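Peer 1: File run-v5.txt below, compact mmCIF, C-alpha atoms:
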```
# COMPACT_ATOMS: atom_id res chain seq x y z
CA MET O 1 13.46 11.02 -42.11
CA THR O 2 12.68 7.45 -43.24
CA TRP O 3 9.12 6.20 -43.80
CA TRP O 4 9.08 4.01 -40.66
CA GLN O 5 10.24 6.98 -38.57
CA LYS O 6 7.36 9.03 -39.98
CA LEU O 7 4.96 6.23 -39.01
CA LYS O 8 6.59 5.92 -35.54
CA ILE O 9 7.42 2.26 -36.24
CA ASP O 10 9.94 0.76 -33.84
CA PRO O 11 12.94 -0.52 -35.87
CA PHE O 12 13.34 -3.36 -33.39
CA LEU O 13 9.83 -4.54 -34.24
CA MET O 14 10.87 -4.72 -37.90
CA ILE O 15 13.73 -7.01 -36.84
CA LEU O 16 11.29 -9.09 -34.78
CA VAL O 17 9.04 -9.50 -37.81
CA THR O 18 12.09 -10.56 -39.87
CA VAL O 19 12.94 -13.19 -37.24
CA VAL O 20 9.37 -14.51 -37.41
CA VAL O 21 9.67 -14.77 -41.20
CA ILE O 22 12.98 -16.63 -40.88
CA ALA O 23 11.42 -19.01 -38.33
CA THR O 24 8.52 -19.58 -40.75
CA PHE O 25 10.76 -20.72 -43.58
CA LEU O 26 13.75 -22.04 -41.60
CA PRO O 27 12.50 -23.34 -38.24
CA CYS O 28 15.01 -25.03 -35.96
CA GLU O 29 14.25 -28.74 -35.49
CA GLY O 30 15.83 -31.91 -34.14
CA GLU O 31 19.24 -31.70 -32.49
CA ILE O 32 19.67 -28.06 -33.52
CA LYS O 33 16.44 -27.24 -31.69
CA VAL O 34 17.81 -28.79 -28.47
CA TRP O 35 20.94 -26.63 -28.64
CA PHE O 36 18.89 -23.52 -29.41
CA GLN O 37 16.68 -24.22 -26.39
CA ARG O 38 19.73 -24.50 -24.13
CA LEU O 39 21.13 -21.30 -25.59
CA THR O 40 17.76 -19.62 -25.02
CA THR O 41 17.76 -20.60 -21.35
CA ALA O 42 21.22 -19.09 -20.92
CA ALA O 43 20.22 -15.96 -22.87
CA ILE O 44 17.15 -15.41 -20.66
CA ALA O 45 19.26 -15.73 -17.52
CA LEU O 46 21.77 -13.21 -18.94
CA LEU O 47 18.94 -10.86 -19.93
CA PHE O 48 17.54 -10.70 -16.39
CA PHE O 49 21.02 -10.54 -14.89
CA MET O 50 21.62 -7.37 -16.91
CA HIS O 51 18.18 -6.00 -15.95
CA GLY O 52 19.20 -6.35 -12.31
CA ALA O 53 22.62 -4.80 -12.92
CA LYS O 54 21.10 -1.75 -14.65
CA LEU O 55 18.60 -1.03 -11.87
CA SER O 56 19.74 1.96 -9.81
CA ARG O 57 18.73 2.00 -6.15
CA GLN O 58 19.23 5.76 -6.02
CA ALA O 59 16.69 6.28 -8.80
CA ILE O 60 14.14 4.11 -6.99
CA ILE O 61 14.65 5.86 -3.64
CA ALA O 62 14.30 9.28 -5.34
CA GLY O 63 10.71 8.56 -6.35
CA MET O 64 9.51 6.40 -3.46
CA GLY O 65 7.80 9.20 -1.55
CA HIS O 66 5.10 9.55 -4.21
CA TRP O 67 3.16 6.52 -2.96
CA ARG O 68 -0.29 7.64 -4.19
CA LEU O 69 0.97 7.88 -7.75
CA HIS O 70 2.71 4.49 -7.53
CA LEU O 71 -0.47 2.91 -6.16
CA VAL O 72 -2.51 4.19 -9.12
CA VAL O 73 0.08 2.88 -11.58
CA PHE O 74 0.17 -0.48 -9.76
CA LEU O 75 -3.63 -0.79 -9.86
CA SER O 76 -3.67 0.06 -13.56
CA THR O 77 -0.96 -2.48 -14.41
CA PHE O 78 -2.00 -5.41 -12.23
CA VAL O 79 -5.74 -4.86 -11.63
CA LEU O 80 -7.30 -2.78 -14.43
CA PHE O 81 -5.53 -4.62 -17.26
CA PRO O 82 -6.44 -8.12 -15.93
CA ILE O 83 -10.09 -7.07 -15.49
CA ILE O 84 -10.17 -5.89 -19.10
CA GLY O 85 -8.49 -9.13 -20.17
CA LEU O 86 -11.09 -11.24 -18.42
CA GLY O 87 -13.81 -9.19 -20.10
CA LEU O 88 -12.42 -10.19 -23.50
CA ASN O 89 -13.80 -13.67 -22.81
CA LEU O 90 -17.03 -12.33 -24.36
CA LEU O 91 -15.25 -12.46 -27.74
CA VAL O 92 -14.49 -16.22 -27.51
CA PRO O 93 -15.01 -18.17 -29.74
CA GLU O 94 -16.93 -15.95 -32.19
CA ILE O 95 -14.24 -13.28 -32.57
CA MET O 96 -11.03 -14.91 -31.28
CA THR O 97 -9.80 -18.41 -30.52
CA SER O 98 -9.14 -19.55 -26.96
CA THR O 99 -5.35 -19.57 -27.57
CA VAL O 100 -5.35 -15.96 -28.79
CA TYR O 101 -7.54 -15.07 -25.80
CA TRP O 102 -4.95 -16.63 -23.48
CA GLY O 103 -2.37 -14.46 -25.24
CA PHE O 104 -4.40 -11.37 -24.32
CA LEU O 105 -4.73 -12.59 -20.73
CA TYR O 106 -0.97 -13.03 -20.62
CA LEU O 107 -0.47 -9.55 -22.09
CA CYS O 108 -2.74 -8.05 -19.41
CA ALA O 109 -0.81 -9.79 -16.59
CA LEU O 110 2.60 -8.40 -17.58
CA PRO O 111 4.50 -5.57 -15.84
CA ALA O 112 5.09 -2.17 -17.41
CA THR O 113 8.05 -1.28 -19.57
CA VAL O 114 10.90 0.65 -18.02
CA GLN O 115 12.79 2.43 -20.82
CA SER O 116 9.87 3.59 -22.98
CA ALA O 117 7.66 4.59 -20.02
CA ILE O 118 10.43 6.83 -18.68
CA ALA O 119 11.30 8.16 -22.15
CA PHE O 120 7.72 9.15 -22.98
CA THR O 121 7.24 10.70 -19.55
CA SER O 122 10.36 12.78 -20.08
CA VAL O 123 9.33 13.91 -23.58
CA ALA O 124 5.85 14.86 -22.36
CA GLY O 125 7.22 16.85 -19.40
CA GLY O 126 6.06 14.52 -16.64
CA ASN O 127 7.50 13.53 -13.27
CA VAL O 128 10.56 11.56 -14.42
CA ALA O 129 11.78 10.57 -10.92
CA ALA O 130 8.38 9.06 -10.11
CA ALA O 131 8.31 7.36 -13.52
CA ILE O 132 11.67 5.72 -12.85
CA CYS O 133 10.43 4.45 -9.50
CA SER O 134 7.04 3.23 -10.79
CA ALA O 135 8.39 1.53 -13.91
CA SER O 136 11.26 -0.14 -12.05
CA ALA O 137 8.96 -1.34 -9.24
CA SER O 138 6.49 -2.69 -11.81
CA SER O 139 9.26 -4.60 -13.56
CA ILE O 140 10.45 -6.16 -10.29
CA LEU O 141 6.97 -6.98 -8.95
CA GLY O 142 5.97 -8.41 -12.31
CA VAL O 143 8.47 -11.22 -12.01
CA PHE O 144 6.50 -12.38 -8.94
CA LEU O 145 2.97 -11.18 -9.73
CA SER O 146 2.65 -11.97 -13.44
CA PRO O 147 3.00 -15.77 -13.06
CA ILE O 148 0.50 -15.69 -10.19
CA LEU O 149 -1.97 -13.62 -12.24
CA VAL O 150 -1.52 -15.92 -15.21
CA GLY O 151 -2.02 -18.94 -12.97
CA LEU O 152 -5.22 -17.44 -11.59
CA MET O 153 -6.63 -16.52 -14.99
CA ILE O 154 -5.61 -19.45 -17.17
CA HIS O 155 -4.22 -22.97 -16.81
CA THR O 156 -0.84 -22.91 -18.50
CA GLN O 157 -0.02 -26.63 -18.42
CA GLY O 158 -3.26 -28.40 -17.66
CA GLU O 159 -5.29 -28.08 -14.45
CA GLY O 160 -4.39 -27.94 -10.80
CA SER O 161 -2.46 -25.62 -8.53
CA SER O 162 0.72 -27.67 -8.81
CA ASP O 163 1.20 -26.39 -12.36
CA THR O 164 1.01 -22.81 -11.18
CA LEU O 165 3.47 -23.50 -8.38
CA GLU O 166 5.81 -25.20 -10.84
CA ALA O 167 5.58 -22.18 -13.17
CA ILE O 168 6.38 -19.81 -10.29
CA LYS O 169 9.32 -22.03 -9.32
CA SER O 170 10.63 -21.88 -12.89
CA ILE O 171 10.22 -18.09 -12.95
CA VAL O 172 12.12 -17.71 -9.69
CA LEU O 173 15.00 -19.96 -10.79
CA GLN O 174 15.33 -18.74 -14.37
CA LEU O 175 14.42 -15.07 -13.98
CA MET O 176 14.38 -13.82 -10.41
CA VAL O 177 17.63 -15.43 -9.24
CA PRO O 178 19.67 -13.95 -12.14
CA PHE O 179 17.92 -10.61 -11.57
CA ILE O 180 18.85 -10.53 -7.86
CA VAL O 181 22.41 -11.69 -8.55
CA GLY O 182 22.76 -8.97 -11.19
CA HIS O 183 21.50 -6.29 -8.83
CA LEU O 184 23.75 -7.46 -6.00
CA SER O 185 26.65 -7.37 -8.47
CA ARG O 186 25.89 -3.77 -9.41
CA PRO O 187 28.57 -2.24 -7.09
CA LEU O 188 31.17 -4.31 -8.97
CA ILE O 189 29.94 -3.93 -12.55
CA ALA O 190 27.90 -0.70 -12.57
CA ARG O 191 30.68 1.34 -14.17
CA TRP O 192 31.25 -1.29 -16.84
CA VAL O 193 27.50 -1.37 -17.59
CA GLU O 194 27.39 2.44 -17.87
CA ARG O 195 30.40 2.49 -20.21
CA HIS O 196 29.00 -0.24 -22.43
CA LYS O 197 25.30 0.67 -22.63
CA LYS O 198 25.20 -0.02 -26.35
CA LEU O 199 26.65 -3.51 -25.90
CA VAL O 200 24.22 -4.22 -23.04
CA ASN O 201 21.26 -3.12 -25.18
CA ILE O 202 22.45 -5.32 -28.04
CA THR O 203 22.71 -8.27 -25.62
CA ASP O 204 19.19 -7.60 -24.31
CA ARG O 205 17.64 -7.42 -27.74
CA SER O 206 19.60 -10.38 -29.07
CA SER O 207 18.23 -12.49 -26.20
CA ILE O 208 14.67 -11.47 -27.08
CA LEU O 209 15.23 -12.24 -30.76
CA LEU O 210 16.60 -15.68 -29.89
CA VAL O 211 13.58 -16.48 -27.71
CA VAL O 212 11.19 -15.32 -30.44
CA TYR O 213 12.99 -17.42 -33.08
CA VAL O 214 12.85 -20.60 -30.98
CA ALA O 215 9.22 -19.95 -29.96
CA PHE O 216 8.02 -19.34 -33.51
CA SER O 217 10.04 -22.27 -34.85
CA GLU O 218 8.08 -24.53 -32.51
CA ALA O 219 4.86 -22.76 -33.44
CA VAL O 220 5.52 -23.20 -37.18
CA VAL O 221 6.16 -26.91 -36.70
CA GLU O 222 2.84 -27.07 -34.82
CA GLY O 223 1.06 -25.26 -37.68
CA ILE O 224 0.63 -21.70 -36.39
CA TRP O 225 -0.13 -20.24 -39.81
CA ARG O 226 -2.97 -22.70 -40.28
CA LYS O 227 -4.52 -21.34 -37.07
CA ILE O 228 -3.72 -17.63 -37.53
CA ASP O 229 -4.84 -15.97 -40.76
CA GLY O 230 -5.00 -12.36 -41.94
CA TYR O 231 -8.38 -11.82 -40.28
CA SER O 232 -7.01 -13.04 -36.95
CA LEU O 233 -4.04 -10.66 -37.14
CA LEU O 234 -6.37 -7.75 -37.97
CA MET O 235 -8.68 -8.71 -35.10
CA ILE O 236 -5.73 -8.83 -32.67
CA GLY O 237 -4.67 -5.35 -33.79
CA VAL O 238 -8.18 -3.92 -33.35
CA VAL O 239 -8.59 -5.45 -29.88
CA CYS O 240 -5.14 -4.14 -28.86
CA CYS O 241 -6.19 -0.63 -29.92
CA ILE O 242 -9.42 -0.89 -27.90
CA VAL O 243 -7.63 -2.18 -24.78
CA LEU O 244 -5.01 0.58 -24.96
CA ALA O 245 -7.66 3.28 -25.55
CA VAL O 246 -9.72 2.12 -22.55
CA VAL O 247 -6.67 2.11 -20.25
CA LEU O 248 -5.46 5.54 -21.42
CA VAL O 249 -8.89 7.12 -20.92
CA ILE O 250 -9.40 5.57 -17.48
CA ASN O 251 -5.89 6.53 -16.31
CA THR O 252 -6.25 10.10 -17.56
CA TYR O 253 -9.57 10.76 -15.86
CA ALA O 254 -8.59 8.86 -12.71
CA ALA O 255 -5.49 11.04 -12.34
CA ARG O 256 -7.57 14.20 -12.71
CA TRP O 257 -10.33 12.96 -10.39
CA LEU O 258 -7.76 12.11 -7.71
CA GLY O 259 -6.30 15.62 -7.90
CA PHE O 260 -2.85 14.91 -9.38
CA ASN O 261 -1.08 17.76 -11.14
CA LYS O 262 -0.33 17.64 -14.87
CA GLU O 263 3.21 16.24 -14.41
CA ASP O 264 1.94 13.38 -12.27
CA GLU O 265 -0.97 12.76 -14.65
CA ILE O 266 1.53 12.29 -17.48
CA THR O 267 3.49 9.77 -15.39
CA ILE O 268 0.35 7.82 -14.54
CA VAL O 269 -0.81 7.77 -18.17
CA PHE O 270 2.49 6.50 -19.58
CA CYS O 271 3.59 4.16 -16.77
CA GLY O 272 0.12 2.69 -16.28
CA SER O 273 -0.56 1.88 -19.93
CA LYS O 274 2.63 0.04 -20.96
CA LYS O 275 3.30 -3.68 -21.20
CA SER O 276 6.84 -5.01 -21.34
CA LEU O 277 8.00 -6.96 -24.39
CA ALA O 278 11.44 -7.39 -22.80
CA ASN O 279 9.96 -9.18 -19.78
CA GLY O 280 7.04 -10.80 -21.59
CA VAL O 281 8.91 -12.75 -24.24
CA PRO O 282 11.33 -14.66 -21.95
CA MET O 283 8.65 -15.12 -19.27
CA ALA O 284 6.30 -16.73 -21.81
CA ASN O 285 9.08 -19.12 -22.76
CA VAL O 286 9.20 -20.26 -19.13
CA LEU O 287 5.47 -20.25 -18.38
CA PHE O 288 3.85 -21.86 -21.41
CA PRO O 289 4.23 -25.08 -23.40
CA ALA O 290 6.59 -24.58 -26.35
CA ALA O 291 3.87 -25.33 -28.90
CA THR O 292 1.70 -22.40 -27.77
CA VAL O 293 4.31 -19.70 -27.05
CA GLY O 294 4.41 -18.36 -30.63
CA VAL O 295 0.64 -17.82 -30.86
CA MET O 296 0.42 -16.35 -27.37
CA LEU O 297 3.14 -13.78 -28.10
CA LEU O 298 1.28 -12.27 -31.07
CA PRO O 299 -0.99 -9.98 -28.97
CA LEU O 300 2.03 -8.76 -26.99
CA MET O 301 4.12 -8.03 -30.10
CA ILE O 302 1.27 -6.15 -31.80
CA PHE O 303 0.30 -4.26 -28.61
CA HIS O 304 3.95 -3.28 -28.12
CA GLN O 305 4.09 -1.51 -31.47
CA ILE O 306 0.67 0.14 -31.06
CA GLN O 307 1.56 1.48 -27.60
CA LEU O 308 4.76 3.01 -28.96
CA MET O 309 3.02 4.71 -31.88
CA VAL O 310 0.10 6.04 -29.82
CA CYS O 311 2.22 7.18 -26.88
CA ALA O 312 4.72 8.93 -29.16
CA VAL O 313 1.89 11.09 -30.52
CA LEU O 314 0.37 11.55 -27.05
CA ALA O 315 3.72 12.61 -25.54
CA GLN O 316 4.14 15.30 -28.20
CA ARG O 317 0.63 16.62 -27.50
CA TYR O 318 1.32 16.81 -23.76
CA ALA O 319 4.63 18.58 -24.43
CA ARG O 320 2.99 21.20 -26.69
CA ARG O 321 0.22 21.79 -24.12
CA LEU O 322 2.73 22.27 -21.30
CA ARG O 323 4.75 24.72 -23.43
CA ARG O 324 1.60 26.75 -24.11
CA GLU O 325 0.69 26.79 -20.43
```
Any chance you could give the structure as structure tokens?
Peer 2:
Amino acid sequence: MTWWQKLKIDPFLMILVTVVVIATFLPCEGEIKVWFQRLTTAAIALLFFMHGAKLSRQAIIAGMGHWRLHLVVFLSTFVLFPIIGLGLNLLVPEIMTSTVYWGFLYLCALPATVQSAIAFTSVAGGNVAAAICSASASSILGVFLSPILVGLMIHTQGEGSSDTLEAIKSIVLQLMVPFIVGHLSRPLIARWVERHKKLVNITDRSSILLVVYVAFSEAVVEGIWRKIDGYSLLMIGVVCCIVLAVVLVINTYAARWLGFNKEDEITIVFCGSKKSLANGVPMANVLFPAATVGVMLLPLMIFHQIQLMVCAVLAQRYARRLRRE
């Protein structure tokens, strides 16, 4: 077992960090930047097309009857997280800058992950069918709700409702339309997608890496590393840990107070505490000015790794407890 496996470090995050380093020393500029931006737009459309194609209607229908569980997960993802995010305003400007704070607000507005939420629920012995339904529904609703939440909490491109409407329009055209087309195409390409899962995953992750490279290239040109120092990175990590801990504790005790069994509690804990890097990175590229995307993605990237490490340990604890019982 390698040292990063012992530390539960996501190998993909290591690649993301490498891309950030490359963007720091070799940012794309000028005419190359224009071509990279066009390529990024196409990559984002392909990413959400594949998300739609992978979504199984049968899996969603299988877990739909558990509406109380889905409601708790929905409230955690789109109500509890934003409330916590707004509360972080108390840390501005003494602890964090306004741009980093906006990054946390954006993080709190995002939908849940799909793959890792289901994987951790399965490992822990939770209700996998309900997890598939909740995570998939969160991913779909997030394409609509996240831009609205962001528009309500922060001004992405100045002031006025027209900016929010323009952001929603961009989200619909660049993300939702490819997603719907991909899902409608599922009867034609589902078998191909199933046979080539590894290629699809590589395409997904390559799209995210491309968006991160372009975003951080712009951020480097704008002087991101003059604004973000070691203390700021440490502070972001500490705040991410606090946010995750608060959500996990509230979800755990809410599930018990509402009378859910242990399997459903596990599903609520893991589906209600995740934030999606796969959706967040391309969505930020659409929602925010290019100069601020790099800084605003830092909380999401750090939170993503922390949630994986913490939930990996938590899933093993749940699994051991269920085996004992």
Peer 1: Name the residues in contact with Gly126 in chain O at a cut-off of 12 Å, using only C-alpha atoms, excluding same-chain residues fewer than 3 positions from it; report them as a list in words.
Peer 2: Ala117, Ile118, Ala119, Phe120, Thr121, Ser122, Val123, Ala129, Ala130, Ala131, Ile132, Phe260, Asn261, Lys262, Glu263, Asp264, Glu265, Ile266, Thr267, Ile268, Val269, Phe270, Cys271, Ala315, Gln316, Tyr318, Ala319, Arg321 and Leu322 of chain O
Peer 1: Here is a test: counting only C-alpha atoms, which residue of O:Met235, O:Met283, O:Ile15, O:Ala53 is nearest to Ala190 in chain O?
Peer 2: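 Among the listed residues, the smallest separation from Ala190 in chain O belongs to O:Ala53.
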Peer 1: Would you compute the distance between CA of Leu88 in chain O and CA of Tyr101 in chain O? Give it in Å to one decimal.
Peer 2: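 CA of Leu88 in chain O sits 7.3 Å away from CA of Tyr101 in chain O.
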Peer 1: Could I get the residues of range 219-305 of chain O with an atom no further than 12 Å from an atom of range 149-154 of chain O, each paired with its nearest atom pair and that distance in Å to one decimal, using all atoms listed in the file, sorted by chain and residue number, as a tab-separated table?
Peer 2:
```
residue	atom	partner	partner_atom	distance
O:Gly280	CA	O:Val150	CA	11.8
O:Met283	CA	O:Val150	CA	11.0
O:Ala284	CA	O:Val150	CA	10.3
O:Leu287	CA	O:Val150	CA	8.8
O:Phe288	CA	O:Val150	CA	10.1
```
Peer 1: Could you check which residues have any atom within 12 Å of (2.1, -12.5, -11.9), counting all atoms listed in the file with coordinates taken straight from the file, and then list them as a count of residues only?
Peer 2: 39
Peer 1: Just how far from CA of Leu300 in chain O is CA of Trp35 in chain O, in Å to one decimal?
Peer 2: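 Distance reported for this atom pair: 26.1 Å.
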Peer 1: Between CA of Ser98 in chain O and CA of Leu75 in chain O, measure the distance and give it in Å to one decimal.
Peer 2: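 CA of Leu75 in chain O lies at a distance of 26.0 Å from CA of Ser98 in chain O.
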Peer 1: Which residue is closest to Phe104 in chain O? Choose from O:His183, O:Lys275, O:Arg226, O:Lys197 and count only C-alpha atoms.
Peer 2: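 The shortest atom-to-atom distance to Phe104 in chain O comes from O:Lys275.
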Peer 1: Model the absent atoms of range 93-115 of chain O so that N, CA, C and O atoms are present, and write the result as a PDB file, in the frame of the given file.
Peer 2:
```pdb
ATOM      1  N   PRO O  93     -15.926 -17.907 -28.601  1.00  0.00           N
ATOM      2  CA  PRO O  93     -15.010 -18.170 -29.740  1.00  0.00           C
ATOM      3  C   PRO O  93     -15.407 -17.442 -31.013  1.00  0.00           C
ATOM      4  O   PRO O  93     -14.809 -17.669 -32.046  1.00  0.00           O
ATOM      5  N   GLU O  94     -16.439 -16.588 -30.968  1.00  0.00           N
ATOM      6  CA  GLU O  94     -16.930 -15.950 -32.190  1.00  0.00           C
ATOM      7  C   GLU O  94     -15.899 -15.046 -32.841  1.00  0.00           C
ATOM      8  O   GLU O  94     -15.737 -15.054 -34.065  1.00  0.00           O
ATOM      9  N   ILE O  95     -15.174 -14.261 -32.026  1.00  0.00           N
ATOM     10  CA  ILE O  95     -14.240 -13.280 -32.570  1.00  0.00           C
ATOM     11  C   ILE O  95     -12.797 -13.772 -32.518  1.00  0.00           C
ATOM     12  O   ILE O  95     -12.014 -13.557 -33.444  1.00  0.00           O
ATOM     13  N   MET O  96     -12.404 -14.427 -31.419  1.00  0.00           N
ATOM     14  CA  MET O  96     -11.030 -14.910 -31.280  1.00  0.00           C
ATOM     15  C   MET O  96     -11.013 -16.325 -30.725  1.00  0.00           C
ATOM     16  O   MET O  96     -11.949 -16.740 -30.027  1.00  0.00           O
ATOM     17  N   THR O  97      -9.953 -17.054 -31.039  1.00  0.00           N
ATOM     18  CA  THR O  97      -9.800 -18.410 -30.520  1.00  0.00           C
ATOM     19  C   THR O  97      -9.374 -18.367 -29.048  1.00  0.00           C
ATOM     20  O   THR O  97      -8.906 -17.340 -28.553  1.00  0.00           O
ATOM     21  N   SER O  98      -9.501 -19.493 -28.381  1.00  0.00           N
ATOM     22  CA  SER O  98      -9.140 -19.550 -26.960  1.00  0.00           C
ATOM     23  C   SER O  98      -7.638 -19.296 -26.773  1.00  0.00           C
ATOM     24  O   SER O  98      -7.223 -18.658 -25.797  1.00  0.00           O
ATOM     25  N   THR O  99      -6.802 -19.769 -27.708  1.00  0.00           N
ATOM     26  CA  THR O  99      -5.350 -19.570 -27.570  1.00  0.00           C
ATOM     27  C   THR O  99      -4.978 -18.094 -27.695  1.00  0.00           C
ATOM     28  O   THR O  99      -4.151 -17.583 -26.934  1.00  0.00           O
ATOM     29  N   VAL O 100      -5.596 -17.392 -28.650  1.00  0.00           N
ATOM     30  CA  VAL O 100      -5.350 -15.960 -28.790  1.00  0.00           C
ATOM     31  C   VAL O 100      -5.860 -15.223 -27.552  1.00  0.00           C
ATOM     32  O   VAL O 100      -5.224 -14.279 -27.063  1.00  0.00           O
ATOM     33  N   TYR O 101      -6.999 -15.664 -27.022  1.00  0.00           N
ATOM     34  CA  TYR O 101      -7.540 -15.070 -25.800  1.00  0.00           C
ATOM     35  C   TYR O 101      -6.557 -15.235 -24.641  1.00  0.00           C
ATOM     36  O   TYR O 101      -6.337 -14.302 -23.858  1.00  0.00           O
ATOM     37  N   TRP O 102      -5.963 -16.413 -24.521  1.00  0.00           N
ATOM     38  CA  TRP O 102      -4.950 -16.630 -23.480  1.00  0.00           C
ATOM     39  C   TRP O 102      -3.773 -15.673 -23.678  1.00  0.00           C
ATOM     40  O   TRP O 102      -3.179 -15.196 -22.721  1.00  0.00           O
ATOM     41  N   GLY O 103      -3.433 -15.415 -24.956  1.00  0.00           N
ATOM     42  CA  GLY O 103      -2.370 -14.460 -25.240  1.00  0.00           C
ATOM     43  C   GLY O 103      -2.708 -13.070 -24.719  1.00  0.00           C
ATOM     44  O   GLY O 103      -1.841 -12.360 -24.190  1.00  0.00           O
ATOM     45  N   PHE O 104      -3.976 -12.666 -24.857  1.00  0.00           N
ATOM     46  CA  PHE O 104      -4.400 -11.370 -24.320  1.00  0.00           C
ATOM     47  C   PHE O 104      -4.391 -11.381 -22.801  1.00  0.00           C
ATOM     48  O   PHE O 104      -4.021 -10.378 -22.167  1.00  0.00           O
ATOM     49  N   LEU O 105      -4.793 -12.488 -22.190  1.00  0.00           N
ATOM     50  CA  LEU O 105      -4.730 -12.590 -20.730  1.00  0.00           C
ATOM     51  C   LEU O 105      -3.287 -12.458 -20.254  1.00  0.00           C
ATOM     52  O   LEU O 105      -3.005 -11.782 -19.259  1.00  0.00           O
ATOM     53  N   TYR O 106      -2.396 -13.113 -20.973  1.00  0.00           N
ATOM     54  CA  TYR O 106      -0.970 -13.030 -20.620  1.00  0.00           C
ATOM     55  C   TYR O 106      -0.473 -11.601 -20.765  1.00  0.00           C
ATOM     56  O   TYR O 106       0.236 -11.078 -19.885  1.00  0.00           O
ATOM     57  N   LEU O 107      -0.833 -10.949 -21.872  1.00  0.00           N
ATOM     58  CA  LEU O 107      -0.470  -9.550 -22.090  1.00  0.00           C
ATOM     59  C   LEU O 107      -0.937  -8.681 -20.912  1.00  0.00           C
ATOM     60  O   LEU O 107      -0.180  -7.849 -20.396  1.00  0.00           O
ATOM     61  N   CYS O 108      -2.171  -8.882 -20.477  1.00  0.00           N
ATOM     62  CA  CYS O 108      -2.740  -8.050 -19.410  1.00  0.00           C
ATOM     63  C   CYS O 108      -2.106  -8.320 -18.052  1.00  0.00           C
ATOM     64  O   CYS O 108      -2.231  -7.498 -17.134  1.00  0.00           O
ATOM     65  N   ALA O 109      -1.434  -9.452 -17.880  1.00  0.00           N
ATOM     66  CA  ALA O 109      -0.810  -9.790 -16.590  1.00  0.00           C
ATOM     67  C   ALA O 109       0.620  -9.284 -16.482  1.00  0.00           C
ATOM     68  O   ALA O 109       1.210  -9.346 -15.409  1.00  0.00           O
ATOM     69  N   LEU O 110       1.180  -8.768 -17.566  1.00  0.00           N
ATOM     70  CA  LEU O 110       2.600  -8.400 -17.580  1.00  0.00           C
ATOM     71  C   LEU O 110       2.880  -7.071 -16.882  1.00  0.00           C
ATOM     72  O   LEU O 110       1.977  -6.228 -16.760  1.00  0.00           O
ATOM     73  N   PRO O 111       4.113  -6.862 -16.426  1.00  0.00           N
ATOM     74  CA  PRO O 111       4.500  -5.570 -15.840  1.00  0.00           C
ATOM     75  C   PRO O 111       4.671  -4.515 -16.923  1.00  0.00           C
ATOM     76  O   PRO O 111       4.642  -4.811 -18.123  1.00  0.00           O
ATOM     77  N   ALA O 112       4.873  -3.270 -16.482  1.00  0.00           N
ATOM     78  CA  ALA O 112       5.090  -2.170 -17.410  1.00  0.00           C
ATOM     79  C   ALA O 112       6.511  -2.180 -17.949  1.00  0.00           C
ATOM     80  O   ALA O 112       7.402  -2.789 -17.379  1.00  0.00           O
ATOM     81  N   THR O 113       6.703  -1.488 -19.061  1.00  0.00           N
ATOM     82  CA  THR O 113       8.050  -1.280 -19.570  1.00  0.00           C
ATOM     83  C   THR O 113       8.795  -0.312 -18.672  1.00  0.00           C
ATOM     84  O   THR O 113       8.192   0.421 -17.896  1.00  0.00           O
ATOM     85  N   VAL O 114      10.109  -0.301 -18.791  1.00  0.00           N
ATOM     86  CA  VAL O 114      10.900   0.650 -18.020  1.00  0.00           C
ATOM     87  C   VAL O 114      11.381   1.775 -18.939  1.00  0.00           C
ATOM     88  O   VAL O 114      11.040   2.943 -18.749  1.00  0.00           O
ATOM     89  N   GLN O 115      12.158   1.409 -19.982  1.00  0.00           N
ATOM     90  CA  GLN O 115      12.790   2.430 -20.820  1.00  0.00           C
ATOM     91  C   GLN O 115      11.769   3.334 -21.513  1.00  0.00           C
ATOM     92  O   GLN O 115      11.853   4.566 -21.433  1.00  0.00           O
TER      93      GLN O 115
END
```
